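Please read the structure below before turning to the comments.
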Amino acid sequence: MTGIYAHSVPGRPTVQWEPLADHLARVGDTAAHLAGVFGWGELARLAGTLHDVGKASEAFQAYLHGRAPSCDHSTAGARVAAADYPHPVGRILATLVAGHHAGLDDGDGIDRRLDPRQTEIPTFDGWQSHAAALPPMARLAPTRRFARSGLQGFTDAFLIRMLFSCLVDADFLETERFYAGARPVPRGGHPGIATLQARLRAHMDAVSAAAPPSRVNAVRAEVLASVRERAALNPGLFTLTVPTGGGKTLASLTFALDHAARHGLRRVVHVAPFTAIIEQTAAVFRTALGEEAGILEHHATFDWQAAAARSRDDGTRDDGTGLDPVSRLRRAAENWDAPVVVTTAVQLFESLYANRTARCRKLHNLAGSVIVLDEAQAMPLPLLKPCLAAIEELARNYGASVVLCTATQPALRRIDGFAAGLPIDDTRELAPDPPRLARTLRRVAVERIPGPTPDETVARRFAAAPRMLCIVNSRRHAKALFDRIAPLPGAVHLSTLMCPRHRRAVLDAARTALRGEAPVRIVSTSLIEAGVDIDLPEVWRAATGLDAVAQAAGRCNREGALPEPGRVVVFDPADAPPPRALETARRAAEEVLRTRDDPLAPDAIRAYFQEVYWRRGEQALDAPQLDGETWPILPALAERATTQAFPFASIARAFRLIDEAMEPVIVPWRAIPDDDRAEALLARVAAMDRPLGDDLRRLQAYVVPVPPALRARWLALGRLRPVHPLLEGALLRLDDMAFYDPRTGLRLEDDAYRAPEDNIIA
């Protein structure tokens, strides 16, 4: 063959195609650059050199010329790696190369592909003339010392994921570069860490100067001074324990930017458990750093069109070249190549245990970063040990600093008596004397009502209290309680029966009313608890875990403006038994509520988490479900540590932070009668041969999760219909808005079904 190519350009002469030798060299160089941050550049370069050698086959070249169907080109390089390099290096390389398109496979799948008797592939003779000479083993050694985890097999499996991230991102970037041709795709170009640090310092100094003297503002200033001072500490694991209202969001950003500037770290990744918190946090960061600061807001419901409108308002228009800040950030969402990333725990942790290329691209950019885990106590118990293992590994071997940031620090440290906890001691706490801060900022008194409390009792209290919030444990209970108080002035409802855009509008209206004298009476599920900036004098909370009670208390007397402590009431609903999923947490909280004068004090919270972990036992802290059975992740890695045949695909299926028992319905909600944003978006998606990813992400702002059986029934009845033929049942829209209540959202009460939504607490 006279010309061997990696990529073709349909309709163009072969002189404009990409030679295989060029692609292999470029991907190898880029992968080496990406992995060099954590010391494994040469092994990544070799993976890039080998990843596409199978394209040297006659069968693949015939495919490029349109004369044959596509064929396997990934297995070839995997076989070269396994044959030419000893174990475990050969196995690591084979795993990376074999998975660079389809994703990391389970070990037995790799074994089948490496065995010529089980998997036949096209002959790829002559590939050596298109690839750099394979280096000796000595050249593949890392340039920095790696310390092994105490968890057998974990460090090796994690390294494979990080190298895979470098390889697939390099392959994406270099393929993008080739097809862009003479018009390079603009990436990066964001302000640097030092610039953002200076902007934030100026912003915080201005805020502090304008703040009136008060107990809360004095604490915020003290916390800010402490994190600035402690930014000089060596990178690693930290805690930041600041009561609600103590300014921990901007204090954590201040530490992160100061720490990154001091130690040459590359970016800040701020992680929160819920999308509602992400939106609020990103808005706070943009106010402090500027709209063009390179703040990547990465979650399912981010509206890139609205961001583009903000950008145009700032005078930075997109002229079609993709040079504007929003276009750069849209591309940065692919691999988190931005100075500040604000994202969800789902995005972070599920990516750390993913096997698909798109989810894994970003992982290498966690190396040399400051990662702030906001509301760290929200990590799910069945996945707690794998989450902690990943956090510790990032700090141990990838130069990351990780901050567990919360108002209710869970007992996640070994010094708290948690054997599987993190090696953090009190010298790594960033806040000054958390117990004293908690006493100083104590703004509520917690009451426990004995015995069951009927909804009628709660409704009577709503009638007497013009400004009150009640948080319950299921969507069904929220709807039933709201129906009782609906005639009262200022009554509003919040739950995931309402689409996200609807909920945001209700919260915005409630905040506006609270700034005046109007009554505000809110019934909500737990979605309002963490990070939602709202302040009421009285909050009732259906019995649940103590961390959730503390979060509910954070919506009460938030600014400390009341002459007396705000009132927080914990009650057992007589009309809605607690979901079984909350039973362990509720029982542990009951013990603390019964025995402690201040159940929200740091020592009480620590005792609560110790009780939760003791009740569950360590085995229950690594207990995801796979194919209907409990399938622990860490033992699965340990069992295969010697062979390196790790079950990556199975782990990716098992590791899910969100229960997928519910399925989405798109609701074209209107803020006002002539609001056509949702319908216009749905029409655009329906009209395209292949809907744009950005449009599908924007539809998340109109999603309501429903039980699968109900969704199927409504589809059969014609209440739902597919949005696009290609997406079929994967994307259904509500076709009759009579089934969407303008105050409470989707109407489910007329349909009989087993109520998995009784276990839905948002």
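Every chain in the structure tokens takes a letter, A first, then B, and so on in the order presented; its residues are numbered from 1, and the ligands are numbered from 1 following the presented order.
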Could you give me, as CSV, every segment 587-627 of chain A residue with an atom at most 12 Å from segment 354-377 of chain A, plus its closest atom pair and distance in Å to one decimal, counting only C-alpha atoms, rows ordered by chain then number?
residue,atom,partner,partner_atom,distance
A:Ile605,CA,A:Gln377,CA,10.6
A:Arg606,CA,A:Gln377,CA,10.9
A:Tyr608,CA,A:Gln377,CA,11.6
A:Phe609,CA,A:Gln377,CA,9.0
A:Val612,CA,A:Gln377,CA,11.7
Store the residues of this selection in a file with N, CA and C atoms, as a PDB file, in the first residue's frame.
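The new file selection.pdb reads:
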ATOM      1  N   ILE A 605     -22.710  15.890  66.113  1.00  0.00           N
ATOM      2  CA  ILE A 605     -22.724  15.449  64.717  1.00  0.00           C
ATOM      3  C   ILE A 605     -21.744  14.302  64.517  1.00  0.00           C
ATOM      4  N   ARG A 606     -20.564  14.414  65.119  1.00  0.00           N
ATOM      5  CA  ARG A 606     -19.575  13.335  64.997  1.00  0.00           C
ATOM      6  C   ARG A 606     -20.120  12.043  65.608  1.00  0.00           C
ATOM      7  N   TYR A 608     -23.183  11.189  65.847  1.00  0.00           N
ATOM      8  CA  TYR A 608     -24.228  10.694  64.940  1.00  0.00           C
ATOM      9  C   TYR A 608     -23.613   9.880  63.796  1.00  0.00           C
ATOM     10  N   PHE A 609     -22.585  10.436  63.137  1.00  0.00           N
ATOM     11  CA  PHE A 609     -21.990   9.710  62.014  1.00  0.00           C
ATOM     12  C   PHE A 609     -21.310   8.429  62.478  1.00  0.00           C
ATOM     13  N   VAL A 612     -24.019   5.977  62.679  1.00  0.00           N
ATOM     14  CA  VAL A 612     -24.467   5.534  61.353  1.00  0.00           C
ATOM     15  C   VAL A 612     -23.513   4.492  60.785  1.00  0.00           C
TER      16      VAL A 612
END
As a JSON list (two decimals) with C-alpha atoms, in the first residue's frame, please: the residues near segment 157-172 of chain A (cut-off 7 Å, only C-alpha atoms, same-chain neighbours under 3 positions excluded).
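Dumped everything to around16.json:
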[["chain", "number", "residue", "atom", "x", "y", "z"],
["A", 27, "VAL", "CA", -1.43, 11.35, 19.95],
["A", 30, "THR", "CA", -0.13, 14.80, 23.56],
["A", 31, "ALA", "CA", -0.81, 11.82, 25.82],
["A", 34, "LEU", "CA", -1.10, 15.11, 29.74],
["A", 35, "ALA", "CA", 0.26, 12.21, 31.81],
["A", 44, "ALA", "CA", 1.18, 7.27, 27.96],
["A", 47, "ALA", "CA", -0.04, 3.87, 24.47],
["A", 48, "GLY", "CA", -0.54, 6.68, 21.95],
["A", 92, "ILE", "CA", -1.75, -2.17, 31.33],
["A", 96, "LEU", "CA", -5.63, 1.03, 27.41],
["A", 100, "HIS", "CA", -9.64, 3.51, 23.43],
["A", 153, "GLY", "CA", -5.01, -3.48, 43.48],
["A", 154, "PHE", "CA", -6.51, -0.02, 43.89],
["A", 175, "THR", "CA", -8.55, 14.12, 15.71],
["A", 176, "GLU", "CA", -10.33, 17.42, 16.30],
["A", 357, "THR", "CA", -14.25, 7.38, 26.79],
["A", 360, "CYS", "CA", -13.12, 9.43, 31.36],
["A", 361, "ARG", "CA", -11.63, 12.25, 29.25],
["A", 362, "LYS", "CA", -11.65, 14.71, 32.13],
["A", 363, "LEU", "CA", -9.95, 12.56, 34.77],
["A", 364, "HIS", "CA", -6.34, 13.51, 34.05],
["A", 646, "PHE", "CA", -9.69, -5.55, 36.56]]
Distance query Ala232 of chain A at most 10 Å, only C-alpha atoms, self and fewer than 3 positions along chain excluded, as a PDB file with N, CA and C atoms, in the first residue's frame:
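Result file result19.pdb:
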ATOM      1  N   VAL A 227      -8.304  30.762  56.330  1.00  0.00           N
ATOM      2  CA  VAL A 227      -8.032  29.986  55.119  1.00  0.00           C
ATOM      3  C   VAL A 227      -6.917  30.626  54.296  1.00  0.00           C
ATOM      4  N   ARG A 228      -6.828  31.950  54.321  1.00  0.00           N
ATOM      5  CA  ARG A 228      -5.725  32.610  53.617  1.00  0.00           C
ATOM      6  C   ARG A 228      -4.386  32.214  54.225  1.00  0.00           C
ATOM      7  N   GLU A 229      -4.323  32.186  55.539  1.00  0.00           N
ATOM      8  CA  GLU A 229      -3.078  31.843  56.218  1.00  0.00           C
ATOM      9  C   GLU A 229      -2.695  30.395  55.968  1.00  0.00           C
ATOM     10  N   PRO A 235       0.273  20.562  49.915  1.00  0.00           N
ATOM     11  CA  PRO A 235      -0.895  19.913  49.303  1.00  0.00           C
ATOM     12  C   PRO A 235      -1.216  18.581  49.964  1.00  0.00           C
ATOM     13  N   PHE A 255      -9.357  29.812  49.716  1.00  0.00           N
ATOM     14  CA  PHE A 255      -8.296  28.847  50.013  1.00  0.00           C
ATOM     15  C   PHE A 255      -7.812  28.174  48.740  1.00  0.00           C
ATOM     16  N   ASP A 258      -5.714  30.606  46.542  1.00  0.00           N
ATOM     17  CA  ASP A 258      -4.455  30.939  47.215  1.00  0.00           C
ATOM     18  C   ASP A 258      -3.532  29.725  47.262  1.00  0.00           C
ATOM     19  N   HIS A 259      -4.088  28.571  47.590  1.00  0.00           N
ATOM     20  CA  HIS A 259      -3.314  27.328  47.687  1.00  0.00           C
ATOM     21  C   HIS A 259      -2.763  26.927  46.316  1.00  0.00           C
ATOM     22  N   ALA A 260      -3.603  27.050  45.282  1.00  0.00           N
ATOM     23  CA  ALA A 260      -3.154  26.714  43.928  1.00  0.00           C
ATOM     24  C   ALA A 260      -2.039  27.639  43.475  1.00  0.00           C
ATOM     25  N   ALA A 261      -2.184  28.937  43.739  1.00  0.00           N
ATOM     26  CA  ALA A 261      -1.147  29.893  43.343  1.00  0.00           C
ATOM     27  C   ALA A 261       0.152  29.631  44.096  1.00  0.00           C
ATOM     28  N   ARG A 262       0.046  29.293  45.363  1.00  0.00           N
ATOM     29  CA  ARG A 262       1.236  29.069  46.193  1.00  0.00           C
ATOM     30  C   ARG A 262       2.006  27.831  45.749  1.00  0.00           C
ATOM     31  N   HIS A 263       1.287  26.775  45.333  1.00  0.00           N
ATOM     32  CA  HIS A 263       1.930  25.490  45.062  1.00  0.00           C
ATOM     33  C   HIS A 263       1.929  25.099  43.585  1.00  0.00           C
TER      34      HIS A 263
END
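Reported to one decimal place, the separation of atom CA of Cys405 of chain A from atom CA of Ala198 of chain A is 22.7 Å.
Taking atom CA of Ala194 of chain A and atom CA of Gly294 of chain A as the two end points, the separation is 13.0 Å.
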Self-check item: Close residues, segment 526-543 of chain A itself excluded, 7 Å, only C-alpha atoms, min 2 positions apart in chain, as a VMD selection string
Solution: chain A and resid 277 467 to 473 495 511 524 549 551 to 553 555 to 558 566 to 573 586 761 to 762
For the residues in the current selection, export N, CA and C atoms as a PDB file, in the first residue's frame.
ATOM      1  N   ILE A 277     -27.435  23.439  44.083  1.00  0.00           N
ATOM      2  CA  ILE A 277     -26.294  24.074  44.730  1.00  0.00           C
ATOM      3  C   ILE A 277     -25.287  24.538  43.677  1.00  0.00           C
ATOM      4  N   ARG A 467     -44.483  33.008  58.092  1.00  0.00           N
ATOM      5  CA  ARG A 467     -43.238  32.659  57.385  1.00  0.00           C
ATOM      6  C   ARG A 467     -42.685  31.370  57.996  1.00  0.00           C
ATOM      7  N   MET A 468     -42.822  30.302  57.240  1.00  0.00           N
ATOM      8  CA  MET A 468     -42.453  28.994  57.776  1.00  0.00           C
ATOM      9  C   MET A 468     -42.132  28.045  56.627  1.00  0.00           C
ATOM     10  N   LEU A 469     -41.232  27.116  56.896  1.00  0.00           N
ATOM     11  CA  LEU A 469     -40.844  26.069  55.952  1.00  0.00           C
ATOM     12  C   LEU A 469     -41.041  24.726  56.616  1.00  0.00           C
ATOM     13  N   CYS A 470     -41.613  23.768  55.890  1.00  0.00           N
ATOM     14  CA  CYS A 470     -41.703  22.387  56.363  1.00  0.00           C
ATOM     15  C   CYS A 470     -41.104  21.477  55.297  1.00  0.00           C
ATOM     16  N   ILE A 471     -40.144  20.649  55.714  1.00  0.00           N
ATOM     17  CA  ILE A 471     -39.457  19.733  54.803  1.00  0.00           C
ATOM     18  C   ILE A 471     -39.846  18.314  55.158  1.00  0.00           C
ATOM     19  N   VAL A 472     -40.303  17.560  54.153  1.00  0.00           N
ATOM     20  CA  VAL A 472     -40.759  16.191  54.381  1.00  0.00           C
ATOM     21  C   VAL A 472     -39.935  15.226  53.529  1.00  0.00           C
ATOM     22  N   ASN A 473     -40.205  13.926  53.693  1.00  0.00           N
ATOM     23  CA  ASN A 473     -39.311  12.908  53.149  1.00  0.00           C
ATOM     24  C   ASN A 473     -39.741  12.292  51.823  1.00  0.00           C
ATOM     25  N   SER A 495     -40.846  20.291  44.875  1.00  0.00           N
ATOM     26  CA  SER A 495     -40.397  18.892  44.828  1.00  0.00           C
ATOM     27  C   SER A 495     -39.969  18.597  43.402  1.00  0.00           C
ATOM     28  N   ARG A 511     -37.830  34.232  47.531  1.00  0.00           N
ATOM     29  CA  ARG A 511     -36.776  35.121  48.037  1.00  0.00           C
ATOM     30  C   ARG A 511     -37.207  36.584  47.922  1.00  0.00           C
ATOM     31  N   SER A 524     -41.715  21.554  51.205  1.00  0.00           N
ATOM     32  CA  SER A 524     -40.685  21.111  50.273  1.00  0.00           C
ATOM     33  C   SER A 524     -40.185  19.721  50.648  1.00  0.00           C
ATOM     34  N   VAL A 549     -31.191  17.240  59.314  1.00  0.00           N
ATOM     35  CA  VAL A 549     -31.772  18.201  60.259  1.00  0.00           C
ATOM     36  C   VAL A 549     -30.900  19.452  60.319  1.00  0.00           C
ATOM     37  N   GLN A 551     -28.946  20.566  57.980  1.00  0.00           N
ATOM     38  CA  GLN A 551     -29.119  21.301  56.729  1.00  0.00           C
ATOM     39  C   GLN A 551     -30.432  22.077  56.741  1.00  0.00           C
ATOM     40  N   ALA A 552     -31.474  21.469  57.253  1.00  0.00           N
ATOM     41  CA  ALA A 552     -32.753  22.179  57.366  1.00  0.00           C
ATOM     42  C   ALA A 552     -32.601  23.398  58.268  1.00  0.00           C
ATOM     43  N   ALA A 553     -31.864  23.231  59.363  1.00  0.00           N
ATOM     44  CA  ALA A 553     -31.636  24.347  60.279  1.00  0.00           C
ATOM     45  C   ALA A 553     -30.884  25.484  59.606  1.00  0.00           C
ATOM     46  N   ARG A 555     -31.605  26.771  56.916  1.00  0.00           N
ATOM     47  CA  ARG A 555     -32.581  27.657  56.257  1.00  0.00           C
ATOM     48  C   ARG A 555     -33.337  28.497  57.289  1.00  0.00           C
ATOM     49  N   CYS A 556     -32.948  28.380  58.554  1.00  0.00           N
ATOM     50  CA  CYS A 556     -33.666  29.066  59.640  1.00  0.00           C
ATOM     51  C   CYS A 556     -32.760  30.118  60.283  1.00  0.00           C
ATOM     52  N   ASN A 557     -33.247  31.363  60.359  1.00  0.00           N
ATOM     53  CA  ASN A 557     -32.472  32.448  60.978  1.00  0.00           C
ATOM     54  C   ASN A 557     -31.052  32.472  60.426  1.00  0.00           C
ATOM     55  N   ARG A 558     -30.965  32.345  59.114  1.00  0.00           N
ATOM     56  CA  ARG A 558     -29.674  32.161  58.441  1.00  0.00           C
ATOM     57  C   ARG A 558     -28.708  33.322  58.700  1.00  0.00           C
ATOM     58  N   GLY A 566     -33.866  31.012  66.056  1.00  0.00           N
ATOM     59  CA  GLY A 566     -34.914  30.487  65.191  1.00  0.00           C
ATOM     60  C   GLY A 566     -35.407  29.147  65.705  1.00  0.00           C
ATOM     61  N   ARG A 567     -36.606  28.783  65.289  1.00  0.00           N
ATOM     62  CA  ARG A 567     -37.242  27.557  65.793  1.00  0.00           C
ATOM     63  C   ARG A 567     -37.128  26.452  64.750  1.00  0.00           C
ATOM     64  N   VAL A 568     -36.492  25.316  65.128  1.00  0.00           N
ATOM     65  CA  VAL A 568     -36.411  24.130  64.282  1.00  0.00           C
ATOM     66  C   VAL A 568     -37.114  22.995  64.997  1.00  0.00           C
ATOM     67  N   VAL A 569     -38.135  22.425  64.372  1.00  0.00           N
ATOM     68  CA  VAL A 569     -38.977  21.399  64.990  1.00  0.00           C
ATOM     69  C   VAL A 569     -38.824  20.095  64.216  1.00  0.00           C
ATOM     70  N   VAL A 570     -38.425  19.037  64.915  1.00  0.00           N
ATOM     71  CA  VAL A 570     -38.317  17.708  64.312  1.00  0.00           C
ATOM     72  C   VAL A 570     -39.546  16.905  64.741  1.00  0.00           C
ATOM     73  N   PHE A 571     -40.240  16.299  63.768  1.00  0.00           N
ATOM     74  CA  PHE A 571     -41.484  15.596  64.079  1.00  0.00           C
ATOM     75  C   PHE A 571     -41.591  14.297  63.292  1.00  0.00           C
ATOM     76  N   ASP A 572     -42.361  13.369  63.827  1.00  0.00           N
ATOM     77  CA  ASP A 572     -42.664  12.106  63.142  1.00  0.00           C
ATOM     78  C   ASP A 572     -44.014  12.241  62.458  1.00  0.00           C
ATOM     79  N   PRO A 573     -44.068  12.292  61.123  1.00  0.00           N
ATOM     80  CA  PRO A 573     -45.359  12.441  60.440  1.00  0.00           C
ATOM     81  C   PRO A 573     -46.275  11.241  60.713  1.00  0.00           C
ATOM     82  N   ARG A 586     -32.254   7.751  60.564  1.00  0.00           N
ATOM     83  CA  ARG A 586     -33.263   8.274  61.492  1.00  0.00           C
ATOM     84  C   ARG A 586     -33.044   7.732  62.895  1.00  0.00           C
ATOM     85  N   ILE A 761     -36.776  11.430  48.010  1.00  0.00           N
ATOM     86  CA  ILE A 761     -36.836  12.476  49.030  1.00  0.00           C
ATOM     87  C   ILE A 761     -36.552  13.843  48.445  1.00  0.00           C
ATOM     88  N   ALA A 762     -36.586  13.977  47.153  1.00  0.00           N
ATOM     89  CA  ALA A 762     -36.398  15.284  46.532  1.00  0.00           C
ATOM     90  C   ALA A 762     -37.531  15.577  45.575  1.00  0.00           C
TER      91      ALA A 762
END
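Candidate residues A:Arg139, A:His130, A:His270, A:Arg677 were compared for distance to Glu42 of chain A, and the nearest is A:Arg139, using only C-alpha atoms.
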Excluding same-chain residues fewer than 5 positions from segment 727-741 of chain A, what lies within 7 Å of it counting only C-alpha atoms, as a PDB file with N, CA and C atoms, in the first residue's frame?
ATOM      1  N   VAL A 665     -39.335  12.406  32.070  1.00  0.00           N
ATOM      2  CA  VAL A 665     -40.373  12.944  31.188  1.00  0.00           C
ATOM      3  C   VAL A 665     -40.076  14.420  30.991  1.00  0.00           C
ATOM      4  N   ILE A 666     -40.126  14.897  29.743  1.00  0.00           N
ATOM      5  CA  ILE A 666     -39.904  16.309  29.448  1.00  0.00           C
ATOM      6  C   ILE A 666     -41.231  17.053  29.545  1.00  0.00           C
ATOM      7  N   VAL A 667     -41.243  18.104  30.373  1.00  0.00           N
ATOM      8  CA  VAL A 667     -42.453  18.905  30.566  1.00  0.00           C
ATOM      9  C   VAL A 667     -42.212  20.302  29.986  1.00  0.00           C
ATOM     10  N   ARG A 719     -50.610  10.206  26.656  1.00  0.00           N
ATOM     11  CA  ARG A 719     -50.267  11.417  27.419  1.00  0.00           C
ATOM     12  C   ARG A 719     -48.821  11.837  27.167  1.00  0.00           C
ATOM     13  N   LEU A 720     -48.007  10.891  26.734  1.00  0.00           N
ATOM     14  CA  LEU A 720     -46.610  11.157  26.389  1.00  0.00           C
ATOM     15  C   LEU A 720     -46.388  10.764  24.938  1.00  0.00           C
ATOM     16  N   ARG A 721     -45.411  11.434  24.309  1.00  0.00           N
ATOM     17  CA  ARG A 721     -45.013  11.007  22.957  1.00  0.00           C
ATOM     18  C   ARG A 721     -43.525  11.267  22.763  1.00  0.00           C
ATOM     19  N   PRO A 722     -42.884  10.498  21.870  1.00  0.00           N
ATOM     20  CA  PRO A 722     -41.445  10.679  21.647  1.00  0.00           C
ATOM     21  C   PRO A 722     -41.134  12.073  21.112  1.00  0.00           C
ATOM     22  N   LEU A 746     -46.164  17.668  38.196  1.00  0.00           N
ATOM     23  CA  LEU A 746     -46.811  16.543  37.522  1.00  0.00           C
ATOM     24  C   LEU A 746     -47.856  15.894  38.431  1.00  0.00           C
ATOM     25  N   ARG A 747     -49.034  15.655  37.871  1.00  0.00           N
ATOM     26  CA  ARG A 747     -50.137  15.053  38.633  1.00  0.00           C
ATOM     27  C   ARG A 747     -50.030  13.525  38.531  1.00  0.00           C
TER      28      ARG A 747
END
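You can rank A:Ala62, A:Ala716, A:Pro647, A:Asn234 by their closest distance to Ala400 of chain A using only C-alpha atoms, and at the top of that list sits A:Asn234.
Relative to atom CA of Thr343 of chain A, atom CA of Leu430 of chain A is found at 22.2 Å.
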Quiz item: Where in segment 75-254 of chain A does DSSP assign helix (DSSP H, G or I), given as JSON, numbers by chain?
Solution: {"A": [75, 76, 77, 78, 79, 80, 81, 82, 83, 84, 89, 90, 91, 92, 93, 94, 95, 96, 97, 98, 107, 108, 109, 110, 111, 112, 113, 114, 127, 128, 129, 130, 137, 138, 139, 140, 154, 155, 156, 157, 158, 159, 160, 161, 162, 163, 164, 165, 166, 167, 168, 169, 170, 171, 172, 173, 174, 175, 176, 177, 178, 179, 180, 193, 194, 195, 196, 197, 198, 199, 200, 201, 202, 203, 204, 205, 206, 207, 208, 209, 210, 215, 216, 217, 218, 219, 220, 221, 222, 223, 224, 225, 226, 227, 228, 229, 230, 248, 249, 250, 251, 252, 253, 254]}
Practice problem: Can you pull out every residue within 9 Å of Leu681 of chain A, counting only C-alpha atoms, but drop anything in the same chain fewer than 5 positions away, and send it as JSON, numbers by chain? | Solution: {"A": [676, 686, 695, 696, 698, 699]}
Could the residues of segment 388-486 of chain A that have an atom at most 8 Å from segment 211-222 of chain A be listed as JSON lines, each with its closest atom pair and the distance in Å to one decimal, counting only C-alpha atoms and ordered by chain and ascending residue number?
{"residue": "A:Pro432", "atom": "CA", "partner": "A:Glu222", "partner_atom": "CA", "distance": 7.5}
{"residue": "A:Leu437", "atom": "CA", "partner": "A:Val219", "partner_atom": "CA", "distance": 7.2}
{"residue": "A:Thr440", "atom": "CA", "partner": "A:Arg215", "partner_atom": "CA", "distance": 7.7}
{"residue": "A:Leu441", "atom": "CA", "partner": "A:Val216", "partner_atom": "CA", "distance": 6.7}
